[in-house]
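Data file: input.cif. Format and content: mmCIF, C-alpha atoms and all ligand atoms.
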```
data_structure
#
loop_
_atom_site.label_atom_id
_atom_site.label_comp_id
_atom_site.auth_asym_id
_atom_site.auth_seq_id
_atom_site.Cartn_x
_atom_site.Cartn_y
_atom_site.Cartn_z
CA MET S 1 -67.65 -3.53 -11.57
CA ASP S 2 -69.74 -3.18 -14.70
CA LYS S 3 -69.92 -0.54 -17.41
CA GLU S 4 -72.46 1.58 -15.51
CA ASP S 5 -70.36 1.48 -12.30
CA LEU S 6 -67.38 2.64 -14.29
CA LYS S 7 -69.35 5.51 -15.84
CA ARG S 8 -70.61 6.53 -12.38
CA LEU S 9 -67.13 6.39 -10.92
CA ALA S 10 -65.71 8.42 -13.81
CA GLU S 11 -68.25 11.19 -13.21
CA ASN S 12 -66.77 11.99 -9.79
CA PRO S 13 -65.57 15.62 -10.14
CA GLU S 14 -62.71 14.96 -7.72
CA PHE S 15 -60.87 12.97 -10.36
CA ILE S 16 -58.32 14.79 -12.49
CA GLN S 17 -58.85 13.81 -16.09
CA SER S 18 -56.11 11.64 -17.60
CA ILE S 19 -53.78 12.09 -14.61
CA TYR S 20 -52.75 8.45 -14.87
CA ASN S 21 -51.53 8.91 -18.45
CA TYR S 22 -48.45 10.89 -17.43
CA CYS S 23 -47.54 9.50 -14.02
CA ASP S 24 -44.88 6.98 -13.08
CA ARG S 25 -47.39 4.41 -11.79
CA TRP S 26 -45.80 4.46 -8.36
CA CYS S 27 -49.16 4.65 -6.59
CA GLU S 28 -47.64 3.93 -3.18
CA ARG S 29 -45.80 7.23 -3.42
CA CYS S 30 -48.34 9.22 -5.34
CA PRO S 31 -49.91 12.27 -3.64
CA PHE S 32 -52.90 12.16 -6.03
CA THR S 33 -54.45 8.77 -5.34
CA SER S 34 -57.73 10.41 -4.28
CA HIS S 35 -57.89 12.23 -7.61
CA CYS S 36 -57.11 9.25 -9.80
CA LEU S 37 -59.80 7.16 -11.48
CA ASN S 38 -57.30 4.41 -12.21
CA PHE S 39 -56.39 4.10 -8.53
CA ALA S 40 -60.06 4.17 -7.52
CA MET S 41 -60.85 1.37 -9.95
CA ASP S 42 -58.00 -0.74 -8.62
CA SER S 43 -58.98 -0.09 -5.01
CA GLU S 44 -62.66 -0.77 -5.61
CA GLU S 45 -62.00 -4.02 -7.42
CA LEU S 46 -59.12 -5.47 -5.48
CA GLY S 47 -58.63 -3.76 -2.15
CA ASP S 48 -55.30 -2.42 -0.94
CA GLN S 49 -53.38 -5.66 -0.59
CA GLU S 50 -54.10 -6.97 -4.02
CA THR S 51 -53.73 -3.68 -5.83
CA HIS S 52 -49.98 -3.85 -5.97
CA ASP S 53 -49.67 -7.51 -6.77
CA ILE S 54 -49.51 -7.66 -10.53
CA ASN S 55 -49.04 -11.38 -10.40
CA ASN S 56 -52.35 -11.82 -8.71
CA GLU S 57 -54.92 -13.64 -10.76
CA ALA S 58 -57.54 -11.10 -9.77
CA PHE S 59 -55.43 -8.35 -11.33
CA TRP S 60 -55.40 -10.05 -14.73
CA GLN S 61 -59.07 -10.91 -14.44
CA ARG S 62 -59.86 -7.28 -13.77
CA LEU S 63 -57.73 -6.22 -16.72
CA THR S 64 -59.66 -8.54 -18.99
CA GLU S 65 -62.96 -7.13 -17.71
CA THR S 66 -61.68 -3.57 -18.12
CA PHE S 67 -60.69 -4.40 -21.69
CA GLN S 68 -64.20 -5.62 -22.43
CA MET S 69 -65.78 -2.57 -20.80
CA THR S 70 -63.43 -0.23 -22.67
CA LEU S 71 -64.39 -1.84 -25.96
CA GLU S 72 -68.08 -1.52 -25.15
CA LEU S 73 -67.69 2.15 -24.22
CA LEU S 74 -65.60 2.76 -27.33
CA HIS S 75 -68.22 1.19 -29.57
CA GLU S 76 -70.93 3.31 -27.92
CA ALA S 77 -68.90 6.50 -28.37
CA ALA S 78 -68.06 5.63 -31.98
CA GLU S 79 -71.71 5.07 -32.76
CA GLU S 80 -72.67 8.39 -31.14
CA GLU S 81 -69.98 10.25 -33.10
CA GLY S 82 -70.67 8.40 -36.34
CA ILE S 83 -67.17 6.95 -36.50
CA ASP S 84 -66.75 3.84 -38.61
CA LEU S 85 -64.38 1.59 -36.69
CA GLU S 86 -64.00 -0.69 -39.69
CA SER S 87 -62.83 2.02 -42.06
CA ILE S 88 -59.11 1.83 -41.29
CA ASP S 89 -57.06 -0.05 -43.84
CA ALA S 90 -55.91 -2.78 -41.45
CA LYS S 91 -53.00 -4.00 -43.59
CA GLU S 92 -51.59 -0.56 -44.18
CA PHE S 93 -52.05 0.31 -40.52
CA GLU S 94 -50.32 -2.88 -39.37
CA GLU S 95 -47.39 -2.28 -41.70
CA GLN S 96 -46.99 1.31 -40.53
CA ASP S 97 -47.27 0.17 -36.93
CA ARG S 98 -44.59 -2.46 -37.46
CA LEU S 99 -42.28 0.07 -39.11
CA ASN S 100 -42.79 2.59 -36.31
CA LYS S 101 -42.08 -0.06 -33.72
CA GLU S 102 -38.81 -0.97 -35.45
CA LEU S 103 -37.80 2.67 -35.77
CA ALA S 104 -38.59 3.28 -32.10
CA LYS S 105 -36.62 0.23 -30.98
CA ASN S 106 -33.60 1.40 -32.95
CA HIS S 107 -33.76 5.00 -31.81
CA GLN S 108 -30.60 5.90 -29.93
CA CYS S 109 -32.58 6.89 -26.81
CA SER S 110 -34.46 3.62 -26.55
CA ARG S 111 -31.29 1.61 -27.19
CA ALA S 112 -29.51 3.57 -24.47
CA ALA S 113 -32.46 3.14 -22.09
CA LYS S 114 -32.50 -0.62 -22.70
CA LEU S 115 -28.78 -0.78 -22.09
CA TYR S 116 -29.26 1.16 -18.86
CA SER S 117 -31.78 -1.37 -17.55
CA GLU S 118 -29.21 -4.12 -18.23
CA MET S 119 -26.46 -2.10 -16.56
CA VAL S 120 -28.61 -1.86 -13.42
CA ASP S 121 -29.05 -5.65 -13.30
CA ASP S 122 -25.34 -6.18 -13.89
CA TRP S 123 -24.45 -3.74 -11.14
CA PHE S 124 -26.71 -5.37 -8.56
CA ASP S 125 -25.41 -8.81 -9.57
CA SER S 126 -21.84 -7.66 -9.16
CA ALA S 127 -22.61 -5.91 -5.88
CA LYS S 128 -23.76 -9.02 -4.05
CA ASP S 129 -20.89 -8.48 -1.61
CA ILE S 130 -22.66 -5.32 -0.46
CA PHE S 131 -25.78 -7.28 0.43
CA GLY S 132 -23.87 -9.46 2.85
CA HIS S 133 -26.71 -10.10 5.27
CA GLU S 134 -29.69 -12.40 5.06
CA ASP S 135 -32.11 -9.51 5.35
CA ASP S 136 -30.59 -7.90 2.28
CA GLU S 137 -29.41 -4.89 4.18
CA PRO S 138 -26.17 -3.50 2.82
CA ASP S 139 -22.92 -4.27 4.59
CA LEU S 140 -21.78 -0.77 5.41
CA GLU S 141 -18.36 -1.99 6.51
CA MET S 142 -17.76 -2.53 2.82
CA SER S 143 -18.14 1.19 2.49
CA ALA S 144 -15.41 3.69 3.31
CA ASP S 145 -14.90 5.03 6.82
CA MET S 146 -18.38 5.99 8.02
CA GLY S 147 -17.14 8.56 10.56
CA ASP S 148 -20.02 9.90 12.64
CA ILE S 149 -22.68 8.76 10.22
CA ASP S 150 -25.51 6.74 11.72
CA PRO S 151 -25.50 3.31 9.97
CA ALA S 152 -29.27 2.88 10.45
CA GLU S 153 -29.92 6.15 8.67
CA GLU S 154 -27.51 5.17 5.93
CA ILE S 155 -29.25 1.82 5.42
CA SER S 156 -32.56 3.59 5.10
CA ASP S 157 -31.07 6.07 2.58
CA PHE S 158 -29.58 3.16 0.68
CA GLY S 159 -32.89 1.29 0.69
CA GLU S 160 -34.73 4.33 -0.62
CA ALA S 161 -32.15 4.92 -3.34
CA VAL S 162 -32.31 1.28 -4.43
CA GLU S 163 -36.10 1.45 -4.50
CA VAL S 164 -35.97 4.49 -6.77
CA VAL S 165 -33.40 2.92 -9.09
CA ARG S 166 -35.39 -0.31 -9.33
CA TRP S 167 -38.71 1.44 -9.87
CA TYR S 168 -37.47 3.47 -12.80
CA GLN S 169 -35.06 0.89 -14.23
CA HIS S 170 -37.47 -0.32 -16.93
CA LEU S 171 -39.94 2.55 -16.88
CA ILE S 172 -37.44 4.87 -18.59
CA TYR S 173 -37.29 2.52 -21.58
CA VAL S 174 -41.06 2.00 -21.67
CA LYS S 175 -41.83 5.73 -21.54
CA LEU S 176 -39.19 6.63 -24.12
CA MET S 177 -40.47 3.94 -26.47
CA ARG S 178 -43.99 5.34 -26.07
CA ALA S 179 -42.73 8.86 -26.67
CA ILE S 180 -40.78 7.90 -29.80
CA ARG S 181 -43.58 5.80 -31.26
CA GLY S 182 -46.09 8.52 -30.41
CA GLU S 183 -43.93 11.12 -32.13
CA LEU S 184 -43.81 8.97 -35.27
CA ASP S 185 -47.61 8.63 -35.26
CA GLU S 186 -48.08 12.34 -34.62
CA ARG S 187 -46.11 13.19 -37.77
CA LEU S 188 -49.08 11.88 -39.72
CA GLU S 189 -51.56 14.05 -37.83
CA ILE S 190 -52.10 17.79 -37.51
CA LEU S 191 -51.91 18.47 -33.80
CA ASP S 192 -50.36 21.91 -33.65
CA GLU S 193 -52.64 23.44 -31.05
CA PHE S 194 -52.66 20.42 -28.71
CA PRO S 195 -50.02 19.34 -26.24
CA LYS S 196 -48.42 16.20 -27.65
CA ASP S 197 -48.79 12.89 -25.90
CA SER S 198 -45.23 12.08 -26.97
CA ASP S 199 -43.95 15.08 -24.98
CA GLY S 200 -45.94 13.91 -21.95
CA SER S 201 -44.39 10.46 -22.09
CA ALA S 202 -40.93 11.93 -22.68
CA LYS S 203 -41.41 14.17 -19.65
CA VAL S 204 -42.16 11.18 -17.42
CA ALA S 205 -39.01 9.49 -18.76
CA LEU S 206 -36.97 12.63 -18.08
CA ILE S 207 -38.26 12.86 -14.51
CA ALA S 208 -37.43 9.18 -14.03
CA LEU S 209 -33.93 9.91 -15.35
CA ASP S 210 -33.48 12.87 -12.97
CA ARG S 211 -34.55 10.78 -10.01
CA SER S 212 -32.42 7.82 -11.03
CA ILE S 213 -29.38 10.07 -11.30
CA ALA S 214 -30.08 11.42 -7.80
CA ALA S 215 -30.53 7.90 -6.42
CA TRP S 216 -27.26 6.67 -7.96
CA GLY S 217 -25.61 9.75 -6.45
CA GLU S 218 -26.78 8.56 -3.02
CA ILE S 219 -25.50 5.05 -3.63
CA ARG S 220 -22.18 6.43 -4.83
CA ASN S 221 -21.76 8.44 -1.62
CA LEU S 222 -22.29 5.32 0.46
CA PHE S 223 -20.02 3.03 -1.53
CA PRO S 224 -17.04 5.03 -2.74
CA HIS S 225 -15.11 1.80 -3.34
CA ARG S 226 -17.55 1.19 -6.23
CA ASP S 227 -17.00 4.67 -7.56
CA ASN S 228 -15.80 3.72 -11.05
CA ASP S 229 -18.69 1.53 -12.08
CA ILE S 230 -21.28 3.86 -10.53
CA LEU S 231 -19.67 6.71 -12.41
CA ASP S 232 -20.04 4.74 -15.66
CA ILE S 233 -23.76 4.38 -14.96
CA LEU S 234 -24.12 8.06 -14.10
CA VAL S 235 -22.33 9.12 -17.29
CA HIS S 236 -24.58 6.84 -19.32
CA LEU S 237 -27.70 8.24 -17.64
CA GLU S 238 -26.63 11.83 -18.15
CA GLN S 239 -25.91 11.23 -21.84
CA LEU S 240 -29.29 9.59 -22.20
CA ARG S 241 -30.98 12.47 -20.40
CA ARG S 242 -29.35 15.04 -22.71
CA ASN S 243 -30.23 13.06 -25.83
CA ALA S 244 -33.83 12.64 -24.69
CA GLU S 245 -34.06 16.39 -24.08
CA LYS S 246 -32.70 17.02 -27.59
CA ALA S 247 -35.14 14.54 -29.12
CA PHE S 248 -38.08 16.07 -27.21
CA PRO S 249 -37.26 19.75 -26.71
CA GLU S 250 -40.82 20.59 -25.61
CA ALA S 251 -41.13 17.75 -23.11
CA ARG S 252 -40.04 19.61 -19.98
CA ALA S 253 -42.71 22.24 -20.63
CA PHE S 254 -45.51 19.69 -20.99
CA ILE S 255 -48.16 20.19 -18.31
CA ARG S 256 -49.10 16.86 -16.77
CA PRO S 257 -52.68 16.99 -15.46
CA GLY S 258 -52.56 17.30 -11.67
CA PHE S 259 -48.79 17.08 -11.32
CA ASP S 260 -47.75 20.32 -13.01
CA LYS S 261 -49.03 23.84 -12.52
CA ILE S 262 -49.99 26.00 -15.46
CA ASP S 263 -47.86 29.13 -15.61
CA LEU S 264 -50.42 31.89 -16.11
CA ASN S 265 -47.70 34.41 -16.98
CA SER S 266 -46.49 32.52 -20.02
S1 LIG C 1 -51.76 9.12 -10.92
FE1 LIG C 1 -50.92 8.34 -9.01
S2 LIG C 1 -52.49 6.98 -8.19
FE2 LIG C 1 -52.95 7.30 -10.36
S3 LIG C 1 -52.00 5.56 -11.43
FE3 LIG C 1 -50.56 7.29 -11.41
S4 LIG C 1 -49.25 6.94 -9.62
FE4 LIG C 1 -51.11 5.67 -9.37
#
```

Mind converting the file's structure to structure tokens?
Amino acid sequence: MDKEDLKRLAENPEFIQSIYNYCDRWCERCPFTSHCLNFAMDSEELGDQETHDINNEAFWQRLTETFQMTLELLHEAAEEEGIDLESIDAKEFEEQDRLNKELAKNHQCSRAAKLYSEMVDDWFDSAKDIFGHEDDEPDLEMSADMGDIDPAEEISDFGEAVEVVRWYQHLIYVKLMRAIRGELDERLEILDEFPKDSDGSAKVALIALDRSIAAWGEIRNLFPHRDNDILDILVHLEQLRRNAEKAFPEARAFIRPGFDKIDLNS
């Protein structure tokens, strides 16, 4: 795909502008793939099989090409708008960027999110007894009395819950970092009338937290003998969720293009 193809693709009115900026990147489960330029680019370049394989060489090749195209388009736009791309004081910018990165890393929400991702790994390492079979299906005999519950259904619920936990395990940290860094940058700008990108990122993190809490709730129901350590994780997640809501009080109200409906009464 070259620059002109990309421009043509982007002109498709079916695409919702910027939808991919505030999603969770779980394209397999996304109901908006047909409205997403990012998904269309991936599909066009790589086909379905390769799209989800981030280790695939073609993926990185495409990313490099996209980078080049983005730069070219940026230069064109800057020229049209009369923006001098050289005018930024690079040293000062780099120093501010470094400081913001440090501040973001040390923010209590990002530290808690990082710790959560480690807790998840620790839990799965310690729960190897649950995955007693070669096919990695959980050993439901390790669970409490299953009563009339259908084990096949339980395995599927467990698999889904694990998938959710694993998908969001690192994304919460990434989105919170982006939100915190964005908020630091926004302090230097006057953006009153615009929705803030930092709130959009924080909203994605909050949704990931909600879903992770629900998924751990499912796992807890299936493995009551692991109740204490799952409860520790749930308490940690809930504290993180509350702190993130305090840090970004407007985040829940952020309207994500495509995903959220605008309340016309407000
Ligand atoms: S909006 Fe949906 S299809 Fe597009 S990148 Fe995000 S998850 Fe994938």

Residues within 12 Å of Phe259 of chain S, please, as an MDAnalysis selection string. Count all atoms listed in the file; anything in the same chain fewer than 4 positions from it doesn't count. chainID S and resid 16:24 30:33 35:36 200 203:204 207 254:255

Contacts of Lys196 of chain S at 12 Å or less, counting only C-alpha atoms, minus same-chain residues fewer than 4 places along, as a PyMOL selection string? chain S and resi 22+178-180+182-187+189-192+200-203+248-256

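Around the point (-50.1, 1.0, -35.6), within 12 Å and counting all atoms listed in the file, we find these residues: Ile88, Asp89, Ala90, Lys91, Glu92, Phe93, Glu94, Glu95, Gln96, Asp97, Arg98, Leu99, Asn100, Lys101, Glu102, Arg181, Gly182, Leu184, Asp185, Glu186 and Leu188 of chain S.
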
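Atom pair atom CA of Glu160 of chain S / atom CA of Met119 of chain S has a distance of 19.1 Å (rounded to one decimal).
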
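With distances restricted to all atoms listed in the file, S:Trp167 is the closest residue to ligand LIG 1 (chain C) from S:Trp167, S:Tyr173, S:Ala78, S:Arg8.
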
Closest of S:Glu80, S:Ala10, S:Lys3, S:Ser43 to ligand LIG 1 (chain C), counting all atoms listed in the file, is S:Ser43

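Each of S:Leu9, S:Met177, S:Leu231, S:Leu171 was checked against Phe39 of chain S using all atoms listed in the file; the smallest atom-to-atom distance is that of S:Leu9.
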
One decimal, in Å: what's the spacing between atom CA of Gly217 of chain S and atom CA of Ile130 of chain S? 16.5 Å

Which polymer residues, protein or nucleic acid, are no farther than 10 Å from (-27.1, 6.8, -20.1), counting only C-alpha atoms, as a list of chain:residue names? S:Cys109, S:Arg111, S:Ala112, S:Ala113, S:Lys114, S:Leu115, S:Tyr116, S:Ser117, S:Met119, S:Leu209, S:Ile213, S:Asp232, S:Ile233, S:Leu234, S:Val235, S:His236, S:Leu237, S:Glu238, S:Gln239, S:Leu240, S:Arg241, S:Arg242, S:Asn243

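Going from atom CA of His170 of chain S to atom CA of Phe194 of chain S covers 28.3 Å.
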
How big is the axis-aligned box, and where does its centre sit, when it encloses all atoms of segment 65-75 of chain S listed in the file and has 6 Å added on every side, reported in Å to one decimal as lines of an AutoDock Vina configuration file?
```
center_x = -64.5
center_y = -2.2
center_z = -23.6
size_x = 19.5
size_y = 21.9
size_z = 23.9
```

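Ranking S:Cys27, S:Ala244, S:Leu6, S:Ile262 by their shortest atom-to-atom distance to ligand LIG 1 (chain C), with all atoms listed in the file included, puts S:Cys27 first.
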
Compile the contact shell of Trp216 of chain S as a PDB file with C-alpha atoms, keeping the file's coordinate frame: residues with an atom at most 8 Å away, counting only C-alpha atoms, same-chain residues fewer than 3 positions apart removed.
```pdb
ATOM      1  CA  ALA S 161     -32.150   4.920  -3.340  1.00  0.00           C
ATOM      2  CA  VAL S 165     -33.400   2.920  -9.090  1.00  0.00           C
ATOM      3  CA  SER S 212     -32.420   7.820 -11.030  1.00  0.00           C
ATOM      4  CA  ILE S 213     -29.380  10.070 -11.300  1.00  0.00           C
ATOM      5  CA  ILE S 219     -25.500   5.050  -3.630  1.00  0.00           C
ATOM      6  CA  ARG S 220     -22.180   6.430  -4.830  1.00  0.00           C
ATOM      7  CA  ILE S 230     -21.280   3.860 -10.530  1.00  0.00           C
ATOM      8  CA  LEU S 234     -24.120   8.060 -14.100  1.00  0.00           C
TER       9      LEU S 234
END
```
